[in-house]
file entry34.pdb (PDB, C-alpha atoms)
ATOM      1  CA  MET A   1     -22.131   2.186  -6.932  1.00  0.00           C
ATOM      2  CA  ALA A   2     -22.677   4.872  -4.296  1.00  0.00           C
ATOM      3  CA  LYS A   3     -19.763   5.873  -2.151  1.00  0.00           C
ATOM      4  CA  GLY A   4     -19.945   5.220   1.554  1.00  0.00           C
ATOM      5  CA  LYS A   5     -19.227   7.513   4.468  1.00  0.00           C
ATOM      6  CA  PHE A   6     -15.501   6.871   4.067  1.00  0.00           C
ATOM      7  CA  GLY A   7     -15.400   6.753   0.265  1.00  0.00           C
ATOM      8  CA  GLU A   8     -14.819   3.570  -1.696  1.00  0.00           C
ATOM      9  CA  VAL A   9     -14.017   0.779   0.738  1.00  0.00           C
ATOM     10  CA  LEU A  10     -13.030  -2.432  -1.001  1.00  0.00           C
ATOM     11  CA  ALA A  11     -13.216  -5.736   0.871  1.00  0.00           C
ATOM     12  CA  LEU A  12     -10.750  -8.101  -0.764  1.00  0.00           C
ATOM     13  CA  ILE A  13     -11.294 -11.757   0.194  1.00  0.00           C
ATOM     14  CA  PRO A  14      -8.391 -14.046  -0.790  1.00  0.00           C
ATOM     15  CA  ALA A  15      -9.208 -17.705  -1.405  1.00  0.00           C
ATOM     16  CA  ARG A  16      -6.768 -19.829  -3.336  1.00  0.00           C
ATOM     17  CA  GLY A  17      -7.650 -23.386  -4.231  1.00  0.00           C
ATOM     18  CA  GLY A  18      -4.491 -25.169  -3.147  1.00  0.00           C
ATOM     19  CA  SER A  19      -4.544 -25.291   0.651  1.00  0.00           C
ATOM     20  CA  LYS A  20      -2.420 -28.193   1.913  1.00  0.00           C
ATOM     21  CA  SER A  21      -3.106 -28.295   5.682  1.00  0.00           C
ATOM     22  CA  VAL A  22      -6.904 -28.349   5.207  1.00  0.00           C
ATOM     23  CA  PRO A  23      -7.654 -29.308   1.585  1.00  0.00           C
ATOM     24  CA  ARG A  24     -10.292 -27.072  -0.057  1.00  0.00           C
ATOM     25  CA  LYS A  25     -10.675 -25.284   3.260  1.00  0.00           C
ATOM     26  CA  ASN A  26     -12.135 -22.108   1.785  1.00  0.00           C
ATOM     27  CA  ILE A  27     -15.294 -23.951   0.751  1.00  0.00           C
ATOM     28  CA  ILE A  28     -15.419 -26.556   3.515  1.00  0.00           C
ATOM     29  CA  PRO A  29     -18.864 -26.443   5.213  1.00  0.00           C
ATOM     30  CA  LEU A  30     -19.243 -24.691   8.554  1.00  0.00           C
ATOM     31  CA  MET A  31     -22.771 -24.568   9.959  1.00  0.00           C
ATOM     32  CA  GLY A  32     -24.149 -25.415   6.556  1.00  0.00           C
ATOM     33  CA  LYS A  33     -22.259 -22.752   4.597  1.00  0.00           C
ATOM     34  CA  PRO A  34     -18.899 -22.813   2.789  1.00  0.00           C
ATOM     35  CA  MET A  35     -16.313 -21.119   4.990  1.00  0.00           C
ATOM     36  CA  ILE A  36     -15.784 -18.317   2.468  1.00  0.00           C
ATOM     37  CA  ALA A  37     -19.513 -17.517   2.605  1.00  0.00           C
ATOM     38  CA  TRP A  38     -19.135 -16.264   6.175  1.00  0.00           C
ATOM     39  CA  ALA A  39     -16.471 -13.705   5.181  1.00  0.00           C
ATOM     40  CA  ILE A  40     -18.629 -12.572   2.252  1.00  0.00           C
ATOM     41  CA  GLU A  41     -21.726 -12.333   4.452  1.00  0.00           C
ATOM     42  CA  HIS A  42     -19.930 -10.259   7.087  1.00  0.00           C
ATOM     43  CA  ALA A  43     -18.404  -7.950   4.460  1.00  0.00           C
ATOM     44  CA  LEU A  44     -21.783  -7.368   2.832  1.00  0.00           C
ATOM     45  CA  ALA A  45     -23.316  -6.654   6.244  1.00  0.00           C
ATOM     46  CA  ALA A  46     -20.649  -4.118   7.241  1.00  0.00           C
ATOM     47  CA  GLU A  47     -22.034  -0.611   6.909  1.00  0.00           C
ATOM     48  CA  HIS A  48     -18.876   1.020   5.563  1.00  0.00           C
ATOM     49  CA  ILE A  49     -17.803  -1.568   2.962  1.00  0.00           C
ATOM     50  CA  THR A  50     -18.926  -0.543  -0.522  1.00  0.00           C
ATOM     51  CA  ARG A  51     -17.621  -3.438  -2.627  1.00  0.00           C
ATOM     52  CA  VAL A  52     -16.801  -7.104  -1.966  1.00  0.00           C
ATOM     53  CA  VAL A  53     -14.368  -8.856  -4.327  1.00  0.00           C
ATOM     54  CA  VAL A  54     -12.990 -12.381  -4.047  1.00  0.00           C
ATOM     55  CA  THR A  55      -9.547 -13.019  -5.521  1.00  0.00           C
ATOM     56  CA  THR A  56      -9.084 -16.693  -6.382  1.00  0.00           C
ATOM     57  CA  ASP A  57      -7.361 -18.959  -8.877  1.00  0.00           C
ATOM     58  CA  ASP A  58     -10.061 -21.619  -8.534  1.00  0.00           C
ATOM     59  CA  GLU A  59     -13.231 -21.784 -10.663  1.00  0.00           C
ATOM     60  CA  GLU A  60     -15.232 -23.683  -8.055  1.00  0.00           C
ATOM     61  CA  ILE A  61     -14.399 -21.126  -5.370  1.00  0.00           C
ATOM     62  CA  ALA A  62     -15.321 -18.348  -7.812  1.00  0.00           C
ATOM     63  CA  THR A  63     -18.720 -19.965  -8.430  1.00  0.00           C
ATOM     64  CA  VAL A  64     -19.372 -20.357  -4.696  1.00  0.00           C
ATOM     65  CA  ALA A  65     -18.303 -16.749  -4.047  1.00  0.00           C
ATOM     66  CA  ARG A  66     -20.653 -15.358  -6.696  1.00  0.00           C
ATOM     67  CA  ALA A  67     -23.514 -17.488  -5.369  1.00  0.00           C
ATOM     68  CA  HIS A  68     -23.109 -15.841  -1.967  1.00  0.00           C
ATOM     69  CA  GLY A  69     -23.053 -12.276  -3.277  1.00  0.00           C
ATOM     70  CA  ALA A  70     -19.396 -11.436  -3.936  1.00  0.00           C
ATOM     71  CA  GLU A  71     -17.914 -10.199  -7.176  1.00  0.00           C
ATOM     72  CA  VAL A  72     -15.212 -12.187  -8.953  1.00  0.00           C
ATOM     73  CA  PRO A  73     -14.307  -9.832 -11.814  1.00  0.00           C
ATOM     74  CA  PHE A  74     -10.985 -11.571 -12.527  1.00  0.00           C
ATOM     75  CA  MET A  75      -9.184 -14.824 -11.835  1.00  0.00           C
ATOM     76  CA  ARG A  76      -5.929 -14.664  -9.912  1.00  0.00           C
ATOM     77  CA  PRO A  77      -2.953 -15.955 -11.937  1.00  0.00           C
ATOM     78  CA  ALA A  78      -1.767 -19.364 -10.724  1.00  0.00           C
ATOM     79  CA  GLU A  79       1.739 -18.079 -10.036  1.00  0.00           C
ATOM     80  CA  LEU A  80       0.246 -15.717  -7.416  1.00  0.00           C
ATOM     81  CA  ALA A  81      -1.571 -18.533  -5.616  1.00  0.00           C
ATOM     82  CA  GLN A  82       1.255 -20.828  -4.556  1.00  0.00           C
ATOM     83  CA  ASP A  83       2.119 -22.122  -1.083  1.00  0.00           C
ATOM     84  CA  LEU A  84       4.812 -19.445  -0.691  1.00  0.00           C
ATOM     85  CA  SER A  85       2.901 -16.602  -2.321  1.00  0.00           C
ATOM     86  CA  VAL A  86       2.622 -13.513  -0.141  1.00  0.00           C
ATOM     87  CA  ASP A  87      -0.246 -11.087   0.399  1.00  0.00           C
ATOM     88  CA  ILE A  88       1.291  -8.197  -1.537  1.00  0.00           C
ATOM     89  CA  GLU A  89       1.130 -10.250  -4.729  1.00  0.00           C
ATOM     90  CA  PHE A  90      -2.633 -10.712  -4.805  1.00  0.00           C
ATOM     91  CA  HIS A  91      -3.222  -7.215  -3.410  1.00  0.00           C
ATOM     92  CA  ARG A  92      -1.185  -5.607  -6.151  1.00  0.00           C
ATOM     93  CA  HIS A  93      -2.758  -7.767  -8.857  1.00  0.00           C
ATOM     94  CA  ALA A  94      -6.281  -6.904  -7.677  1.00  0.00           C
ATOM     95  CA  VAL A  95      -5.675  -3.161  -7.289  1.00  0.00           C
ATOM     96  CA  GLU A  96      -3.932  -2.892 -10.657  1.00  0.00           C
ATOM     97  CA  TRP A  97      -6.559  -4.998 -12.447  1.00  0.00           C
ATOM     98  CA  LEU A  98      -9.457  -2.943 -11.095  1.00  0.00           C
ATOM     99  CA  ARG A  99      -7.655   0.313 -11.910  1.00  0.00           C
ATOM    100  CA  ASP A 100      -6.612  -0.706 -15.419  1.00  0.00           C
ATOM    101  CA  ASN A 101      -9.818  -2.490 -16.456  1.00  0.00           C
ATOM    102  CA  GLU A 102     -12.493  -0.514 -14.626  1.00  0.00           C
ATOM    103  CA  GLY A 103     -10.865   2.773 -13.654  1.00  0.00           C
ATOM    104  CA  TYR A 104     -11.749   1.830 -10.079  1.00  0.00           C
ATOM    105  CA  VAL A 105      -9.421   2.940  -7.272  1.00  0.00           C
ATOM    106  CA  PRO A 106     -10.728   2.495  -3.717  1.00  0.00           C
ATOM    107  CA  ASP A 107      -9.864   4.744  -0.807  1.00  0.00           C
ATOM    108  CA  MET A 108      -8.948   1.770   1.366  1.00  0.00           C
ATOM    109  CA  VAL A 109      -8.525  -1.971   0.920  1.00  0.00           C
ATOM    110  CA  ILE A 110      -9.796  -4.354   3.597  1.00  0.00           C
ATOM    111  CA  ASN A 111      -8.187  -7.810   3.692  1.00  0.00           C
ATOM    112  CA  LEU A 112     -10.769 -10.291   5.017  1.00  0.00           C
ATOM    113  CA  ARG A 113      -9.322 -13.783   5.003  1.00  0.00           C
ATOM    114  CA  PRO A 114     -11.991 -16.512   5.010  1.00  0.00           C
ATOM    115  CA  THR A 115     -10.218 -18.490   7.732  1.00  0.00           C
ATOM    116  CA  PRO A 116     -11.482 -16.555  10.805  1.00  0.00           C
ATOM    117  CA  PRO A 117     -15.168 -17.163   9.970  1.00  0.00           C
ATOM    118  CA  SER A 118     -16.707 -15.816  13.185  1.00  0.00           C
ATOM    119  CA  ARG A 119     -16.145 -12.103  12.638  1.00  0.00           C
ATOM    120  CA  GLN A 120     -18.738  -9.496  13.484  1.00  0.00           C
ATOM    121  CA  PRO A 121     -19.685  -6.840  10.880  1.00  0.00           C
ATOM    122  CA  ALA A 122     -19.862  -4.185  13.591  1.00  0.00           C
ATOM    123  CA  VAL A 123     -16.234  -4.866  14.553  1.00  0.00           C
ATOM    124  CA  ILE A 124     -15.216  -4.566  10.889  1.00  0.00           C
ATOM    125  CA  ASP A 125     -16.918  -1.164  10.833  1.00  0.00           C
ATOM    126  CA  GLN A 126     -15.088  -0.111  14.007  1.00  0.00           C
ATOM    127  CA  ALA A 127     -11.757  -0.953  12.388  1.00  0.00           C
ATOM    128  CA  ILE A 128     -12.666   1.063   9.288  1.00  0.00           C
ATOM    129  CA  GLU A 129     -13.688   4.041  11.416  1.00  0.00           C
ATOM    130  CA  THR A 130     -10.409   3.846  13.343  1.00  0.00           C
ATOM    131  CA  PHE A 131      -8.372   3.701  10.134  1.00  0.00           C
ATOM    132  CA  ALA A 132     -10.302   6.596   8.573  1.00  0.00           C
ATOM    133  CA  ALA A 133      -9.667   8.752  11.643  1.00  0.00           C
ATOM    134  CA  HIS A 134      -5.886   8.444  11.203  1.00  0.00           C
ATOM    135  CA  PRO A 135      -4.809   9.668   7.742  1.00  0.00           C
ATOM    136  CA  GLU A 136      -1.187   9.667   8.913  1.00  0.00           C
ATOM    137  CA  ILE A 137      -0.974   5.852   9.091  1.00  0.00           C
ATOM    138  CA  ASP A 138      -0.217   3.463   6.239  1.00  0.00           C
ATOM    139  CA  SER A 139      -2.184   0.517   7.552  1.00  0.00           C
ATOM    140  CA  LEU A 140      -4.123  -1.021  10.405  1.00  0.00           C
ATOM    141  CA  ARG A 141      -3.644  -4.619  11.523  1.00  0.00           C
ATOM    142  CA  SER A 142      -5.714  -6.543  14.046  1.00  0.00           C
ATOM    143  CA  VAL A 143      -3.787  -8.170  16.878  1.00  0.00           C
ATOM    144  CA  HIS A 144      -4.424  -9.786  20.211  1.00  0.00           C
ATOM    145  CA  LEU A 145      -2.233 -10.148  23.274  1.00  0.00           C
ATOM    146  CA  ALA A 146       0.182 -13.029  22.703  1.00  0.00           C
ATOM    147  CA  GLU A 147      -0.029 -15.961  25.094  1.00  0.00           C
ATOM    148  CA  GLN A 148       3.736 -16.617  24.997  1.00  0.00           C
ATOM    149  CA  SER A 149       6.568 -14.109  25.215  1.00  0.00           C
ATOM    150  CA  PRO A 150       9.250 -14.189  22.496  1.00  0.00           C
ATOM    151  CA  PHE A 151      11.707 -12.945  25.123  1.00  0.00           C
ATOM    152  CA  LYS A 152      11.606 -16.429  26.656  1.00  0.00           C
ATOM    153  CA  MET A 153      12.081 -18.230  23.343  1.00  0.00           C
ATOM    154  CA  TRP A 154      15.236 -19.731  21.861  1.00  0.00           C
ATOM    155  CA  ALA A 155      16.738 -20.658  18.506  1.00  0.00           C
ATOM    156  CA  LEU A 156      19.609 -23.074  17.959  1.00  0.00           C
ATOM    157  CA  ASP A 157      22.747 -21.801  16.257  1.00  0.00           C
ATOM    158  CA  ASP A 158      24.910 -23.783  13.815  1.00  0.00           C
ATOM    159  CA  LYS A 159      26.644 -25.476  16.772  1.00  0.00           C
ATOM    160  CA  GLY A 160      23.364 -26.595  18.279  1.00  0.00           C
ATOM    161  CA  LEU A 161      23.611 -24.117  21.158  1.00  0.00           C
ATOM    162  CA  MET A 162      20.749 -21.940  22.339  1.00  0.00           C
ATOM    163  CA  GLN A 163      20.521 -18.267  21.416  1.00  0.00           C
ATOM    164  CA  PRO A 164      17.712 -15.939  22.552  1.00  0.00           C
ATOM    165  CA  VAL A 165      15.217 -15.120  19.815  1.00  0.00           C
ATOM    166  CA  ALA A 166      14.496 -11.609  21.056  1.00  0.00           C
ATOM    167  CA  PRO A 167      17.111  -9.907  23.243  1.00  0.00           C
ATOM    168  CA  LEU A 168      16.244  -6.633  24.937  1.00  0.00           C
ATOM    169  CA  PRO A 169      18.807  -3.800  24.998  1.00  0.00           C
ATOM    170  CA  ASN A 170      17.648  -2.469  28.374  1.00  0.00           C
ATOM    171  CA  ILE A 171      17.112  -5.771  30.209  1.00  0.00           C
ATOM    172  CA  ALA A 172      19.944  -8.196  30.874  1.00  0.00           C
ATOM    173  CA  GLU A 173      18.989 -11.838  30.304  1.00  0.00           C
ATOM    174  CA  PRO A 174      15.272 -11.207  29.701  1.00  0.00           C
ATOM    175  CA  TYR A 175      14.709 -14.973  29.521  1.00  0.00           C
ATOM    176  CA  ASN A 176      15.587 -15.129  33.242  1.00  0.00           C
ATOM    177  CA  GLN A 177      13.289 -12.265  34.253  1.00  0.00           C
ATOM    178  CA  PRO A 178       9.702 -12.502  35.578  1.00  0.00           C
ATOM    179  CA  ARG A 179       7.152 -12.341  32.782  1.00  0.00           C
ATOM    180  CA  GLN A 180       5.668  -9.222  34.402  1.00  0.00           C
ATOM    181  CA  GLU A 181       8.947  -7.344  33.816  1.00  0.00           C
ATOM    182  CA  LEU A 182       8.915  -7.992  30.068  1.00  0.00           C
ATOM    183  CA  PRO A 183       7.181  -5.872  27.391  1.00  0.00           C
ATOM    184  CA  LEU A 184       3.739  -6.939  26.257  1.00  0.00           C
ATOM    185  CA  VAL A 185       3.727  -8.417  22.759  1.00  0.00           C
ATOM    186  CA  TYR A 186       0.907  -8.914  20.278  1.00  0.00           C
ATOM    187  CA  TRP A 187       0.065 -11.591  17.717  1.00  0.00           C
ATOM    188  CA  GLN A 188      -1.344 -10.657  14.312  1.00  0.00           C
ATOM    189  CA  ASP A 189      -4.554 -12.658  14.151  1.00  0.00           C
ATOM    190  CA  GLY A 190      -5.918 -12.207  10.619  1.00  0.00           C
ATOM    191  CA  TYR A 191      -9.276 -10.808  11.762  1.00  0.00           C
ATOM    192  CA  ILE A 192      -8.898  -7.691   9.625  1.00  0.00           C
ATOM    193  CA  ASP A 193      -6.131  -5.755   7.887  1.00  0.00           C
ATOM    194  CA  ILE A 194      -6.639  -2.380   6.203  1.00  0.00           C
ATOM    195  CA  THR A 195      -4.285  -0.545   3.881  1.00  0.00           C
ATOM    196  CA  ARG A 196      -4.223   2.161   1.228  1.00  0.00           C
ATOM    197  CA  PRO A 197      -3.851   1.525  -2.517  1.00  0.00           C
ATOM    198  CA  SER A 198      -0.947   3.999  -2.527  1.00  0.00           C
ATOM    199  CA  VAL A 199       0.916   1.832  -0.005  1.00  0.00           C
ATOM    200  CA  ILE A 200       0.350  -1.240  -2.176  1.00  0.00           C
ATOM    201  CA  LEU A 201       1.446   0.429  -5.396  1.00  0.00           C
ATOM    202  CA  GLU A 202       4.161   2.815  -4.211  1.00  0.00           C
ATOM    203  CA  GLN A 203       5.728   0.905  -1.318  1.00  0.00           C
ATOM    204  CA  ASN A 204       4.981  -2.575  -2.694  1.00  0.00           C
ATOM    205  CA  SER A 205       3.698  -3.511   0.745  1.00  0.00           C
ATOM    206  CA  THR A 206       0.399  -4.299   2.421  1.00  0.00           C
ATOM    207  CA  THR A 207       1.446  -2.595   5.642  1.00  0.00           C
ATOM    208  CA  GLY A 208       3.855   0.194   4.782  1.00  0.00           C
ATOM    209  CA  ARG A 209       5.937   1.785   7.498  1.00  0.00           C
ATOM    210  CA  VAL A 210       3.324   3.274   9.858  1.00  0.00           C
ATOM    211  CA  ILE A 211       1.143   0.463  11.216  1.00  0.00           C
ATOM    212  CA  MET A 212      -1.649   0.971  13.747  1.00  0.00           C
ATOM    213  CA  PRO A 213      -2.769  -1.936  15.957  1.00  0.00           C
ATOM    214  CA  PHE A 214      -6.434  -2.803  16.350  1.00  0.00           C
ATOM    215  CA  LEU A 215      -6.801  -4.907  19.463  1.00  0.00           C
ATOM    216  CA  ILE A 216      -9.178  -7.855  19.207  1.00  0.00           C
ATOM    217  CA  GLU A 217     -10.287  -9.327  22.519  1.00  0.00           C
ATOM    218  CA  GLU A 218     -13.122 -11.564  21.316  1.00  0.00           C
ATOM    219  CA  PRO A 219     -12.158 -15.134  20.416  1.00  0.00           C
ATOM    220  CA  ALA A 220     -11.913 -15.721  16.674  1.00  0.00           C
ATOM    221  CA  ALA A 221     -10.394 -19.032  15.619  1.00  0.00           C
ATOM    222  CA  ASP A 222      -8.198 -18.816  12.508  1.00  0.00           C
ATOM    223  CA  VAL A 223      -8.479 -22.122  10.645  1.00  0.00           C
ATOM    224  CA  ASP A 224      -5.042 -23.313   9.560  1.00  0.00           C
ATOM    225  CA  TYR A 225      -5.288 -26.954  10.680  1.00  0.00           C
ATOM    226  CA  PRO A 226      -8.105 -29.536  10.762  1.00  0.00           C
ATOM    227  CA  ASP A 227      -8.447 -29.504  14.556  1.00  0.00           C
ATOM    228  CA  GLU A 228      -9.336 -25.788  14.439  1.00  0.00           C
ATOM    229  CA  LEU A 229     -12.488 -26.382  12.387  1.00  0.00           C
ATOM    230  CA  GLY A 230     -14.427 -27.516  15.444  1.00  0.00           C
ATOM    231  CA  GLU A 231     -13.423 -24.440  17.434  1.00  0.00           C
ATOM    232  CA  ALA A 232     -14.423 -22.136  14.571  1.00  0.00           C
ATOM    233  CA  GLU A 233     -17.813 -23.819  14.206  1.00  0.00           C
ATOM    234  CA  ALA A 234     -18.430 -23.633  17.968  1.00  0.00           C
ATOM    235  CA  GLN A 235     -17.753 -19.886  17.903  1.00  0.00           C
ATOM    236  CA  LEU A 236     -20.114 -19.466  14.963  1.00  0.00           C
ATOM    237  CA  ARG A 237     -22.848 -21.358  16.798  1.00  0.00           C
ATOM    238  CA  GLU A 238     -22.367 -19.199  19.880  1.00  0.00           C
ATOM    239  CA  ARG A 239     -22.578 -15.981  17.866  1.00  0.00           C
ATOM    240  CA  GLN A 240     -25.646 -17.153  15.982  1.00  0.00           C
ATOM    241  CA  SER A 241     -27.488 -18.181  19.140  1.00  0.00           C
ATOM    242  CA  ASP A 242     -26.546 -15.174  21.290  1.00  0.00           C
ATOM    243  CA  LYS A 243     -27.636 -12.024  19.496  1.00  0.00           C
ATOM    244  CA  LYS A 244     -26.650  -9.902  22.515  1.00  0.00           C
ATOM    245  CA  THR A 245     -22.961 -10.702  21.999  1.00  0.00           C
ATOM    246  CA  THR A 246     -22.496  -7.987  19.386  1.00  0.00           C
ATOM    247  CA  VAL A 247     -23.814  -5.286  21.705  1.00  0.00           C
ATOM    248  CA  VAL A 248     -21.522  -6.403  24.545  1.00  0.00           C
ATOM    249  CA  GLU A 249     -18.367  -6.801  22.492  1.00  0.00           C
ATOM    250  CA  LEU A 250     -18.566  -3.629  20.444  1.00  0.00           C
ATOM    251  CA  THR A 251     -16.564  -1.758  23.065  1.00  0.00           C
ATOM    252  CA  THR A 252     -13.719  -4.259  23.360  1.00  0.00           C
ATOM    253  CA  PRO A 253     -11.736  -3.951  20.078  1.00  0.00           C
ATOM    254  CA  ARG A 254      -9.651  -0.796  20.301  1.00  0.00           C
ATOM    255  CA  HIS A 255      -6.269   0.672  19.542  1.00  0.00           C
ATOM    256  CA  PRO A 256      -3.831   1.782  22.255  1.00  0.00           C
ATOM    257  CA  SER A 257      -4.101   5.451  23.118  1.00  0.00           C
TER     258      SER A 257
END
call {"tool": "encode", "arguments": {"input": "entry34.pdb", "output": "structure tokens"}}
result
Amino acid sequence: MAKGKFGEVLALIPARGGSKSVPRKNIIPLMGKPMIAWAIEHALAAEHITRVVVTTDDEEIATVARAHGAEVPFMRPAELAQDLSVDIEFHRHAVEWLRDNEGYVPDMVINLRPTPPSRQPAVIDQAIETFAAHPEIDSLRSVHLAEQSPFKMWALDDKGLMQPVAPLPNIAEPYNQPRQELPLVYWQDGYIDITRPSVILEQNSTTGRVIMPFLIEEPAADVDYPDELGEAEAQLRERQSDKKTTVVELTTPRHPS
């Protein structure tokens, strides 16, 4: 396999079989294709991605993934595909398996969850280019501006009284201040995450300590609940019918200067 402009760029697509909120959601049909097929298709279409691997514990998902062009060189152990399993577990398993069994070590690992199915390959490439231009960072994570401010949110203490979730050291009672006076905050949206194998193996983390934001301004529904399937399919239909969208939106994802 020939190296790309930025070396070996592995797209890792996680798809466990045991989703509870939307059963079998990774292979549920959206516009006539299993949801995971869209992530595979976009990864294969991205110019800078050199390999596309699906990590799953489910034989049916593995069969679907292979049919749509992804590799499934291993099955994920069941204990790494539980409701409370975290990303570092399947990242570490995949990176170690590929290293130990194939001698393959990528230069960067791209986490492409199947659940935001309306990505654009050109935006994936922009994120890779941004990450490659900053060797000092451990990871890049896509985010968008949060609709609600955590500085106006509350938790209840053991007496049932309200305590601010996020106090600010330089602003007294931020929950009583105008929204415009509060810091902007960003929500991690699952569109794309990028990290280095060294961060996975040496820090046991998918993000490490130096994390660069990649701002996503285009809508991209992340399917966690049944009522989000319709929104995701509507976005897919819009992208498929409007081929000019990619040209317009290429300039919008960015990282803060």
call {"tool": "resolve_selection", "arguments": {"input": "entry34.pdb", "expression": "the PyMOL selection byres ((chain A and resi 15-21) around 8)", "output": "PyMOL selection string"}}
result
chain A and resi 13-14+22-26+36+54-58+61+81-83+113-114+224-226
call {"tool": "write_last_selection", "arguments": {"input": "entry34.pdb", "atoms": "C-alpha atoms", "output": "short mmCIF file (atom, residue, chain, number, x, y, z; two decimals), in the coordinates of the input"}}
result
data_model
loop_
_atom_site.label_atom_id
_atom_site.label_comp_id
_atom_site.auth_asym_id
_atom_site.auth_seq_id
_atom_site.Cartn_x
_atom_site.Cartn_y
_atom_site.Cartn_z
CA ILE A 13 -11.29 -11.76 0.19
CA PRO A 14 -8.39 -14.05 -0.79
CA VAL A 22 -6.90 -28.35 5.21
CA PRO A 23 -7.65 -29.31 1.58
CA ARG A 24 -10.29 -27.07 -0.06
CA LYS A 25 -10.68 -25.28 3.26
CA ASN A 26 -12.14 -22.11 1.78
CA ILE A 36 -15.78 -18.32 2.47
CA VAL A 54 -12.99 -12.38 -4.05
CA THR A 55 -9.55 -13.02 -5.52
CA THR A 56 -9.08 -16.69 -6.38
CA ASP A 57 -7.36 -18.96 -8.88
CA ASP A 58 -10.06 -21.62 -8.53
CA ILE A 61 -14.40 -21.13 -5.37
CA ALA A 81 -1.57 -18.53 -5.62
CA GLN A 82 1.25 -20.83 -4.56
CA ASP A 83 2.12 -22.12 -1.08
CA ARG A 113 -9.32 -13.78 5.00
CA PRO A 114 -11.99 -16.51 5.01
CA ASP A 224 -5.04 -23.31 9.56
CA TYR A 225 -5.29 -26.95 10.68
CA PRO A 226 -8.10 -29.54 10.76
#
call {"tool": "resolve_selection", "arguments": {"input": "entry34.pdb", "expression": "the PyMOL selection byres ((chain A and resi 47) around 10)", "output": "VMD selection string"}}
result
chain A and resid 4 to 5 42 to 46 48 to 50 121 to 122 124 to 126 128
call {"tool": "atom_distance", "arguments": {"input": "entry34.pdb", "atom1": "CA of Trp187 (chain A)", "atom2": "CA of Arg76 (chain A)"}}
result
28.4 Å
call {"tool": "residues_around", "arguments": {"input": "entry34.pdb", "residues": "Ala94 (chain A)", "least_positions_apart": "6", "cutoff": "12 Å", "atoms": "only C-alpha atoms", "output": "ChimeraX atom specification"}}
result
/A:10-14,52-56,72-77,80,87-88,100-102,104-106,109,111,197,200-201
call {"tool": "closest_residue", "arguments": {"input": "entry34.pdb", "among": "A:Arg239, A:Lys33, A:Lys3, A:Arg99", "to": "Arg51 (chain A)", "atoms": "all atoms listed in the file"}}
result
A:Lys3
call {"tool": "atom_distance", "arguments": {"input": "entry34.pdb", "atom1": "CA of Glu8 (chain A)", "atom2": "CA of Ala132 (chain A)"}}
result
11.6 Å
call {"tool": "resolve_selection", "arguments": {"input": "entry34.pdb", "expression": "the PyMOL selection byres ((chain A and resi 209-214) around 12)", "output": "PyMOL selection string"}}
result
chain A and resi 123-145+185-196+199-200+202-208+215-217+252-257
call {"tool": "atom_distance", "arguments": {"input": "entry34.pdb", "atom1": "CA of Ser118 (chain A)", "atom2": "CA of Ala67 (chain A)"}}
result
19.8 Å
call {"tool": "closest_residue", "arguments": {"input": "entry34.pdb", "among": "A:Leu184, A:Pro29, A:Thr115, A:Arg92", "to": "Ala146 (chain A)", "atoms": "all atoms listed in the file"}}
result
A:Leu184
call {"tool": "closest_residue", "arguments": {"input": "entry34.pdb", "among": "A:Ser149, A:Ala172, A:Gln120, A:Ala78", "to": "Glu218 (chain A)", "atoms": "all atoms listed in the file"}}
result
A:Gln120
call {"tool": "residues_around", "arguments": {"input": "entry34.pdb", "residues": "region 175-182 of chain A", "least_positions_apart": "3", "cutoff": "10 Å", "atoms": "only C-alpha atoms", "output": "ChimeraX atom specification"}}
result
/A:148-154,164-168,171-172,185
call {"tool": "closest_residue", "arguments": {"input": "entry34.pdb", "among": "A:Met108, A:Glu228, A:Ala155, A:Gln240", "to": "Val95 (chain A)", "atoms": "all atoms listed in the file"}}
result
A:Met108
